[in-house]
file final-v7.txt (compact mmCIF, C-alpha atoms and all ligand atoms)
# COMPACT_ATOMS: atom_id res chain seq x y z
CA MET A 1 0.00 0.00 0.00
CA VAL A 2 1.47 3.33 -1.01
CA ALA A 3 1.49 6.02 1.63
CA VAL A 4 -0.23 8.93 -0.04
CA PRO A 5 0.00 12.37 1.50
CA ALA A 6 -3.51 13.76 1.79
CA ARG A 7 -2.22 17.15 0.80
CA VAL A 8 1.06 18.83 0.07
CA VAL A 9 2.79 19.35 3.39
CA HIS A 10 4.20 22.74 4.24
CA CYS A 11 7.73 22.00 5.29
CA PHE A 12 11.06 21.47 3.62
CA ALA A 13 9.46 18.45 1.99
CA SER A 14 7.14 20.69 -0.01
CA GLN A 15 10.15 22.57 -1.35
CA ALA A 16 11.58 19.24 -2.46
CA CYS A 17 8.25 18.17 -3.94
CA ALA A 18 7.58 21.32 -5.94
CA PRO A 19 9.76 20.45 -8.96
CA VAL A 20 8.33 16.91 -9.05
CA LEU A 21 4.75 18.17 -8.97
CA ALA A 22 5.52 20.76 -11.64
CA ARG A 23 7.09 18.09 -13.83
CA HIS A 24 3.89 16.06 -13.61
CA ARG A 25 1.79 19.21 -14.29
CA ILE A 26 0.16 18.99 -10.87
CA ASP A 27 -1.14 22.33 -9.63
CA TYR A 28 0.02 22.43 -6.01
CA CYS A 29 -0.62 26.12 -5.41
CA CYS A 30 -4.26 27.03 -6.04
CA LYS A 31 -5.49 23.43 -5.93
CA GLY A 32 -2.98 22.19 -3.38
CA GLN A 33 -5.64 21.10 -0.91
CA ARG A 34 -6.90 18.24 -3.09
CA PRO A 35 -5.91 14.66 -2.27
CA LEU A 36 -3.04 13.53 -4.47
CA ALA A 37 -4.90 10.36 -5.43
CA ASP A 38 -7.80 12.41 -6.83
CA VAL A 39 -5.47 14.70 -8.77
CA CYS A 40 -3.59 11.76 -10.30
CA HIS A 41 -6.86 10.11 -11.25
CA ASP A 42 -8.11 13.27 -13.00
CA LEU A 43 -4.83 13.78 -14.86
CA GLY A 44 -4.40 10.13 -15.80
CA LEU A 45 -1.17 9.85 -13.83
CA ASP A 46 0.20 6.74 -12.17
CA LEU A 47 -0.19 7.46 -8.47
CA ARG A 48 2.54 5.02 -7.40
CA GLY A 49 4.98 6.57 -9.85
CA VAL A 50 4.26 10.09 -8.64
CA VAL A 51 4.58 9.07 -4.99
CA SER A 52 7.84 7.28 -5.75
CA ASP A 53 9.20 10.43 -7.42
CA LEU A 54 8.11 12.51 -4.43
CA GLU A 55 9.73 10.13 -1.94
CA THR A 56 12.98 10.19 -3.89
CA ALA A 57 12.96 13.99 -3.97
CA ILE A 58 12.24 14.19 -0.23
CA GLN A 59 15.04 11.75 0.55
CA ARG A 60 17.49 13.75 -1.52
CA ARG A 61 16.35 16.92 0.14
CA ALA A 62 16.64 15.35 3.58
CA GLN A 63 20.31 14.68 2.92
CA THR A 64 20.84 18.43 2.66
CA ALA A 65 18.14 19.38 5.15
CA VAL A 66 20.65 21.06 7.40
CA GLN A 67 20.62 23.97 4.99
CA ALA A 68 16.91 23.82 4.26
CA THR A 69 14.55 26.30 5.84
CA ASP A 70 11.14 25.36 7.12
CA LEU A 71 9.21 28.41 5.96
CA ARG A 72 6.62 27.90 8.70
CA SER A 73 9.26 28.64 11.30
CA LEU A 74 9.98 32.11 9.92
CA THR A 75 8.52 35.31 11.27
CA THR A 76 6.06 36.98 8.92
CA ARG A 77 8.64 39.66 8.17
CA ALA A 78 11.24 37.04 7.24
CA LEU A 79 8.68 35.10 5.22
CA ILE A 80 7.78 38.20 3.22
CA VAL A 81 11.48 38.75 2.52
CA LYS A 82 11.62 35.15 1.27
CA ILE A 83 8.70 35.91 -1.06
CA ILE A 84 9.90 39.25 -2.40
CA ALA A 85 13.62 38.62 -2.71
CA PRO A 86 13.52 35.63 -5.03
CA HIS A 87 10.02 35.57 -6.46
CA HIS A 88 8.85 39.17 -6.89
CA GLN A 89 12.26 40.36 -7.97
CA TYR A 90 12.52 37.50 -10.43
CA LEU A 91 9.19 38.50 -11.99
CA HIS A 92 10.10 42.19 -12.14
CA ARG A 93 13.31 41.25 -13.97
CA THR A 94 11.82 38.65 -16.27
CA MET A 95 8.44 39.97 -17.34
CA PRO A 96 9.64 42.77 -19.68
CA PHE A 97 12.11 40.38 -21.30
CA LEU A 98 9.43 37.73 -21.81
CA GLN A 99 6.95 40.20 -23.27
CA THR A 100 9.50 41.41 -25.79
CA LEU A 101 10.63 37.90 -26.66
CA ALA A 102 7.08 36.53 -27.02
CA ALA A 103 6.12 39.44 -29.27
CA LYS A 104 9.20 38.86 -31.44
CA VAL A 105 8.64 35.10 -31.77
CA GLY A 106 4.96 35.64 -32.54
CA ARG A 107 5.80 38.24 -35.17
CA VAL A 108 8.54 36.20 -36.85
CA HIS A 109 6.98 32.73 -36.69
CA GLY A 110 3.26 33.51 -36.37
CA ASP A 111 2.53 32.71 -40.02
CA ARG A 112 4.02 29.25 -39.69
CA GLU A 113 2.68 28.62 -36.17
CA PRO A 114 -0.36 30.86 -35.49
CA SER A 115 -0.60 29.73 -31.84
CA LEU A 116 2.53 31.81 -31.16
CA ARG A 117 0.45 34.95 -31.60
CA GLU A 118 -1.89 33.64 -28.93
CA VAL A 119 1.13 32.89 -26.73
CA ALA A 120 2.27 36.51 -27.08
CA ARG A 121 -1.23 37.78 -26.26
CA ARG A 122 -1.50 35.54 -23.22
CA VAL A 123 1.96 36.57 -22.00
CA ASP A 124 0.82 40.21 -22.20
CA GLN A 125 -2.34 39.41 -20.19
CA LEU A 126 -0.43 37.44 -17.58
CA VAL A 127 2.20 40.15 -17.19
CA GLU A 128 -0.40 42.90 -16.76
CA THR A 129 -2.25 40.82 -14.16
CA LEU A 130 0.93 39.99 -12.27
CA ARG A 131 2.14 43.61 -12.32
CA VAL A 132 -1.04 44.78 -10.57
CA HIS A 133 -0.95 41.82 -8.20
CA LEU A 134 2.68 42.34 -7.18
CA ALA A 135 2.13 46.06 -6.68
CA GLU A 136 -0.86 45.42 -4.40
CA GLU A 137 1.08 42.92 -2.33
CA GLU A 138 4.16 45.09 -2.03
CA SER A 139 2.46 48.43 -1.38
CA VAL A 140 -0.73 47.42 0.47
CA LEU A 141 -1.00 43.84 1.69
CA PHE A 142 2.50 43.11 2.99
CA PRO A 143 2.82 46.48 4.83
CA ALA A 144 -0.59 45.84 6.42
CA LEU A 145 0.55 42.41 7.61
CA LEU A 146 3.77 43.82 9.04
CA GLU A 147 1.97 46.65 10.80
CA ASP A 148 -0.64 44.20 12.10
CA ARG A 149 -3.52 46.23 10.76
CA SER A 150 -5.80 43.26 11.08
CA ALA A 151 -9.14 44.91 10.23
CA ASN A 152 -8.99 44.29 6.50
CA VAL A 153 -6.22 41.76 6.33
CA GLU A 154 -8.45 38.72 6.05
CA ALA A 155 -10.45 40.23 3.17
CA MET A 156 -7.25 41.27 1.41
CA LEU A 157 -5.79 37.79 1.76
CA ARG A 158 -8.93 36.19 0.41
CA ALA A 159 -8.74 38.57 -2.56
CA MET A 160 -5.10 37.59 -2.98
CA ARG A 161 -6.04 33.93 -3.13
CA HIS A 162 -8.74 34.66 -5.68
CA GLU A 163 -6.20 36.46 -7.87
CA HIS A 164 -3.87 33.48 -7.52
CA GLU A 165 -6.60 31.25 -8.92
CA GLN A 166 -6.88 33.60 -11.91
CA VAL A 167 -3.11 33.50 -12.40
CA GLY A 168 -3.16 29.69 -12.15
CA GLU A 169 -5.82 29.54 -14.86
CA MET A 170 -3.83 31.93 -17.07
CA LEU A 171 -0.71 29.81 -16.66
CA TRP A 172 -2.63 26.74 -17.65
CA GLN A 173 -4.03 28.44 -20.76
CA LEU A 174 -0.58 29.75 -21.64
CA ARG A 175 0.94 26.28 -21.32
CA THR A 176 -1.81 24.89 -23.56
CA ALA A 177 -1.28 27.60 -26.20
CA ALA A 178 2.48 26.98 -26.06
CA ALA A 179 2.17 23.19 -26.59
CA ASN A 180 3.55 22.39 -23.14
CA TYR A 181 6.55 24.60 -23.81
CA VAL A 182 8.09 22.19 -26.30
CA ALA A 183 9.62 23.94 -29.29
CA PRO A 184 9.41 22.15 -32.66
CA ASP A 185 12.52 20.90 -34.42
CA TRP A 186 12.49 23.93 -36.69
CA GLY A 187 12.30 26.34 -33.75
CA CYS A 188 15.05 28.97 -33.64
CA ASN A 189 17.02 29.94 -30.55
CA SER A 190 14.52 32.67 -29.68
CA TYR A 191 11.63 30.21 -29.91
CA ARG A 192 13.46 27.71 -27.71
CA THR A 193 14.48 30.36 -25.22
CA LEU A 194 10.89 31.59 -24.98
CA MET A 195 9.58 28.10 -24.25
CA LYS A 196 12.28 27.46 -21.66
CA GLU A 197 11.77 30.79 -19.93
CA LEU A 198 7.99 30.41 -19.87
CA SER A 199 8.44 27.03 -18.25
CA VAL A 200 10.72 28.58 -15.61
CA LEU A 201 8.19 31.37 -15.06
CA GLU A 202 5.46 28.81 -14.47
CA ALA A 203 7.51 26.79 -11.98
CA ASP A 204 8.64 29.85 -10.08
CA THR A 205 5.12 31.30 -9.94
CA LEU A 206 3.64 28.03 -8.71
CA GLU A 207 6.15 27.92 -5.87
CA HIS A 208 5.59 31.61 -5.13
CA VAL A 209 1.81 31.23 -4.97
CA HIS A 210 2.14 28.06 -2.93
CA ILE A 211 4.08 29.92 -0.23
CA GLU A 212 1.57 32.76 -0.13
CA ASN A 213 -1.48 30.48 -0.12
CA HIS A 214 -0.27 27.77 2.21
CA VAL A 215 2.27 29.37 4.53
CA LEU A 216 1.37 33.07 4.72
CA LEU A 217 -2.41 33.06 4.38
CA PRO A 218 -3.19 30.45 7.09
CA ARG A 219 -1.52 32.69 9.68
CA TYR A 220 -4.41 35.11 9.27
CA VAL A 221 -7.23 33.00 7.81
CA PRO A 222 -7.24 29.82 9.95
CA THR A 223 -9.89 28.01 7.94
CA ALA A 224 -8.06 28.52 4.63
FE FE A 301 3.60 37.53 -4.27
FE FE A 302 0.50 36.66 -4.73

call {"tool": "encode", "arguments": {"input": "final-v7.txt", "output": "structure tokens", "more": "lines below"}}
Ligand SMILES: [Fe+2]
Ligand SMILES: [Fe+2]
result
Amino acid sequence: MVAVPARVVHCFASQACAPVLARHRIDYCCKGQRPLADVCHDLGLDLRGVVSDLETAIQRRAQTAVQATDLRSLTTRALIVKIIAPHHQYLHRTMPFLQTLAAKVGRVHGDREPSLREVARRVDQLVETLRVHLAEEESVLFPALLEDRSANVEAMLRAMRHEHEQVGEMLWQLRTAAANYVAPDWGCNSYRTLMKELSVLEADTLEHVHIENHVLLPRYVPTA
């Protein structure tokens, strides 16, 4: 009998599991509360294989666990630093580059592969949504959490989670339009770079949203 985690746990193990879940196209951020067995069934994945991959990743991570940080043990201030420093700054750096690159690839190769124009359009939509979202978190939500202005914090966090669901849906649609980020044989370096960078953006955003939904939010919304 395979031991199946009922949900993605919020410790160093989840940091080890994130790449495995992303590789299997399992949404562990917005839909991270669902039993793994149900998710595998819906996606047509072999549950035992996924669990085996997760166990291997956790074992590898455990061997270097001395350096690993359990995000739940951090203060809220330190947790917010862990969100902004790698994830928000990564997006601020990457989004303009991706918009330019997606527009170029769509313009150059759109006649041969029309879906690339849709990719460029969806990248624009995602970037505009994320820009507003990041600005709200950095200028309104995170300062409110740090100043313990609790009156509206719960409502703001629920709104944050709702926006995460929208971002998760946009990422899924983008992946679909981009053929799972696999460039064809004839794809040029720009095409390949775009697919690779979109894949990285997806993985980073899933981890980012996971931390906000499952480590930060439950501190203020206990039933989340
Ligand atoms: Fe964020
Ligand atoms: Fe967020």

call {"tool": "residues_near_ligand", "arguments": {"input": "final-v7.txt", "ligand": "ligand FE 302 (chain A)", "cutoff": "7 Å", "atoms": "all atoms listed in the file", "output": "PyMOL selection string"}}
result
chain A and resi 133-134+137+160+164+209+212

call {"tool": "residues_near_ligand", "arguments": {"input": "final-v7.txt", "ligand": "ligand FE 301 (chain A)", "cutoff": "12 Å", "atoms": "all atoms listed in the file", "output": "PyMOL selection string"}}
result
chain A and resi 79-92+129-142+157+160-161+163-164+167+204-213+216-217

call {"tool": "atom_distance", "arguments": {"input": "final-v7.txt", "atom1": "CA of Leu74 (chain A)", "atom2": "CA of Cys17 (chain A)"}}
result
19.7 Å

call {"tool": "closest_residue", "arguments": {"input": "final-v7.txt", "among": "A:Gly168, A:Val20, A:Tyr191, A:Asn180", "to": "Arg107 (chain A)", "atoms": "only C-alpha atoms"}}
result
A:Tyr191

call {"tool": "atom_distance", "arguments": {"input": "final-v7.txt", "atom1": "CA of Met95 (chain A)", "atom2": "CA of Leu198 (chain A)"}}
result
9.9 Å

call {"tool": "atom_distance", "arguments": {"input": "final-v7.txt", "atom1": "CA of Ala183 (chain A)", "atom2": "CA of His109 (chain A)"}}
result
11.8 Å
